[in-house]
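Q: Pasting in a structure now, in structure tokens, and then I'll have a few things to ask.
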Amino acid sequence: MQKAKSTSKLVLETVFALKKEIDSHPLQRKSIPQLLTDLHIGRNILERNFKDITGRTIIRYQLEKRMEAACTLLKEGDMNIQQCAIRCGYRDQANFTVDFKNIYEQSPSEWLRNHLEYN
């Protein structure tokens, strides 16, 4: 049996502030040091507690939110996959596709085809 973890109020508030920042700006590609600029907490403490609370690392959480935003952009139909990749902060569509597959286990074009079939 695991010991109950005691997390300070400051750490909890910081984790939720970081989560809110990522949720509010999913297409901004900020590194962890950039995200921590205004937070007054150590990186290791924040990363460990972020994972304990959300079940994901900060990087994974950012990627999932970015890909959710990408799906929204693709569903809207106003841009093609290349344009969506650029809008999501990728210089190369291939890197976008790798990250997309990492989350959804299919390419953006496969996902889009499947989404259009069911709607």
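Ordered as shown in the structure tokens, chains take letters A, B, and onward, while each chain numbers its residues from 1 and ligands are numbered from 1 in the order shown.
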Residues near Gln28 in chain A, anyone? I mean within 8 Å using only C-alpha atoms, not counting same-chain ones fewer than 2 positions away, as a PDB file with N, CA, C and O atoms, in the first residue's frame.
A:
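Below is the file that was written, result32.pdb:
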ATOM      1  N   HIS A  25      -4.134  27.734 -24.047  1.00  0.00           N
ATOM      2  CA  HIS A  25      -3.302  28.028 -25.217  1.00  0.00           C
ATOM      3  C   HIS A  25      -2.664  26.744 -25.758  1.00  0.00           C
ATOM      4  O   HIS A  25      -1.432  26.605 -25.748  1.00  0.00           O
ATOM      5  N   PRO A  26      -3.482  25.802 -26.246  1.00  0.00           N
ATOM      6  CA  PRO A  26      -2.930  24.507 -26.642  1.00  0.00           C
ATOM      7  C   PRO A  26      -1.994  24.560 -27.845  1.00  0.00           C
ATOM      8  O   PRO A  26      -1.176  23.667 -28.023  1.00  0.00           O
ATOM      9  N   LYS A  30       5.513  25.896 -25.984  1.00  0.00           N
ATOM     10  CA  LYS A  30       6.445  26.386 -24.973  1.00  0.00           C
ATOM     11  C   LYS A  30       7.156  25.206 -24.331  1.00  0.00           C
ATOM     12  O   LYS A  30       6.547  24.190 -24.038  1.00  0.00           O
ATOM     13  N   CYS A  88      -0.438  24.511 -35.841  1.00  0.00           N
ATOM     14  CA  CYS A  88      -0.128  23.859 -34.570  1.00  0.00           C
ATOM     15  C   CYS A  88       1.335  24.022 -34.170  1.00  0.00           C
ATOM     16  O   CYS A  88       1.776  23.448 -33.172  1.00  0.00           O
ATOM     17  N   GLY A  89       2.099  24.776 -34.960  1.00  0.00           N
ATOM     18  CA  GLY A  89       3.471  25.089 -34.593  1.00  0.00           C
ATOM     19  C   GLY A  89       4.527  24.165 -35.168  1.00  0.00           C
ATOM     20  O   GLY A  89       5.673  24.198 -34.743  1.00  0.00           O
TER      21      GLY A  89
END
Q: Fewer than 4 positions away in the same chain doesn't count, so skip those; otherwise give me all residues within 9 Å of Ile53 in chain A, counting only C-alpha atoms, as number ranges by chain.
A: A: 12, 15, 48-49
Q: Keeping C-alpha atoms, export the residues of the selection given above as a PDB file, in the first residue's frame.
A:
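Saved file part.pdb follows:
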ATOM      1  CA  LEU A  12      -1.451  22.225  -6.076  1.00  0.00           C
ATOM      2  CA  VAL A  15      -0.028  22.581 -11.029  1.00  0.00           C
ATOM      3  CA  ARG A  48       6.312  15.020 -10.366  1.00  0.00           C
ATOM      4  CA  ASN A  49       3.155  16.573  -8.937  1.00  0.00           C
TER       5      ASN A  49
END
Q: List as a PyMOL selection string the protein and nucleic acid residues near Lys101 in chain A, meaning an atom at most 12 Å away when only C-alpha atoms are counted, but skip any in the same chain fewer than 5 places from it.
A: chain A and resi 63-64+67+94-96+106-111
Q: CA of Ile86 in chain A to CA of Phe50 in chain A: how many Å, to one decimal?
A: 28.1 Å
Q: Which parts of chain A does DSSP call alpha helix (DSSP H) when run on the backbone here, written out as number ranges by chain?
A: A: 9-24, 32-35, 43-54, 58-76, 81-87, 93-104, 108-118
Q: Write out the residues from the selection above, keeping C-alpha atoms, as a tab-separated table (two decimals), in the first residue's frame.
A:
chain	number	residue	atom	x	y	z
A	9	LYS	CA	-1.38	24.15	-1.34
A	10	LEU	CA	1.23	26.13	-3.30
A	11	VAL	CA	2.20	23.08	-5.36
A	12	LEU	CA	-1.45	22.23	-6.08
A	13	GLU	CA	-2.23	25.79	-7.10
A	14	THR	CA	0.84	25.88	-9.33
A	15	VAL	CA	-0.03	22.58	-11.03
A	16	PHE	CA	-3.58	23.75	-11.72
A	17	ALA	CA	-2.33	27.15	-12.95
A	18	LEU	CA	0.02	25.39	-15.37
A	19	LYS	CA	-2.74	23.05	-16.51
A	20	LYS	CA	-5.03	26.03	-17.09
A	21	GLU	CA	-2.31	27.80	-19.10
A	22	ILE	CA	-1.86	24.75	-21.35
A	23	ASP	CA	-5.63	24.30	-21.70
A	24	SER	CA	-6.10	27.96	-22.63
A	32	ILE	CA	9.00	23.49	-19.71
A	33	PRO	CA	11.51	26.24	-18.77
A	34	GLN	CA	9.35	28.75	-20.66
A	35	LEU	CA	6.25	27.53	-18.84
A	43	ARG	CA	10.89	21.99	-11.97
A	44	ASN	CA	11.24	18.51	-10.45
A	45	ILE	CA	8.56	19.12	-7.84
A	46	LEU	CA	6.22	20.54	-10.44
A	47	GLU	CA	6.78	17.75	-12.97
A	48	ARG	CA	6.31	15.02	-10.37
A	49	ASN	CA	3.15	16.57	-8.94
A	50	PHE	CA	1.73	17.40	-12.38
A	51	LYS	CA	2.03	13.72	-13.31
A	52	ASP	CA	0.58	12.59	-9.97
A	53	ILE	CA	-2.44	14.86	-10.41
A	54	THR	CA	-3.12	14.54	-14.15
A	58	ILE	CA	3.67	18.00	-18.79
A	59	ILE	CA	5.03	17.24	-22.27
A	60	ARG	CA	2.45	14.51	-22.91
A	61	TYR	CA	-0.37	16.73	-21.63
A	62	GLN	CA	0.73	19.57	-23.92
A	63	LEU	CA	0.88	17.19	-26.89
A	64	GLU	CA	-2.59	15.78	-26.19
A	65	LYS	CA	-4.08	19.27	-25.94
A	66	ARG	CA	-2.30	20.37	-29.15
A	67	MET	CA	-3.64	17.33	-31.01
A	68	GLU	CA	-7.17	17.93	-29.67
A	69	ALA	CA	-6.93	21.45	-31.10
A	70	ALA	CA	-5.61	19.99	-34.38
A	71	CYS	CA	-8.65	17.71	-34.60
A	72	THR	CA	-10.92	20.68	-34.11
A	73	LEU	CA	-9.14	22.56	-36.90
A	74	LEU	CA	-9.34	19.57	-39.22
A	75	LYS	CA	-13.05	19.02	-38.47
A	76	GLU	CA	-13.82	22.64	-39.28
A	81	ILE	CA	-3.35	18.92	-43.03
A	82	GLN	CA	-0.25	20.93	-44.00
A	83	GLN	CA	-1.92	24.18	-42.96
A	84	CYS	CA	-3.12	22.58	-39.73
A	85	ALA	CA	0.41	21.37	-38.97
A	86	ILE	CA	1.76	24.90	-39.44
A	87	ARG	CA	-1.04	26.37	-37.29
A	93	GLN	CA	4.04	18.00	-41.72
A	94	ALA	CA	5.92	14.72	-41.16
A	95	ASN	CA	6.66	15.64	-37.53
A	96	PHE	CA	3.03	16.64	-37.05
A	97	THR	CA	1.94	13.27	-38.44
A	98	VAL	CA	4.28	11.39	-36.09
A	99	ASP	CA	2.88	13.23	-33.06
A	100	PHE	CA	-0.70	12.80	-34.29
A	101	LYS	CA	-0.17	9.04	-34.71
A	102	ASN	CA	1.39	8.90	-31.26
A	103	ILE	CA	-1.88	10.18	-29.79
A	104	TYR	CA	-4.56	8.74	-32.11
A	108	PRO	CA	-4.29	12.81	-39.70
A	109	SER	CA	-5.61	11.82	-43.14
A	110	GLU	CA	-6.87	8.46	-41.81
A	111	TRP	CA	-8.44	10.18	-38.81
A	112	LEU	CA	-10.09	12.75	-41.05
A	113	ARG	CA	-11.41	10.08	-43.43
A	114	ASN	CA	-12.85	8.11	-40.49
A	115	HIS	CA	-14.35	11.22	-38.95
A	116	LEU	CA	-16.03	12.23	-42.22
A	117	GLU	CA	-17.44	8.72	-42.69
A	118	TYR	CA	-19.26	8.82	-39.34
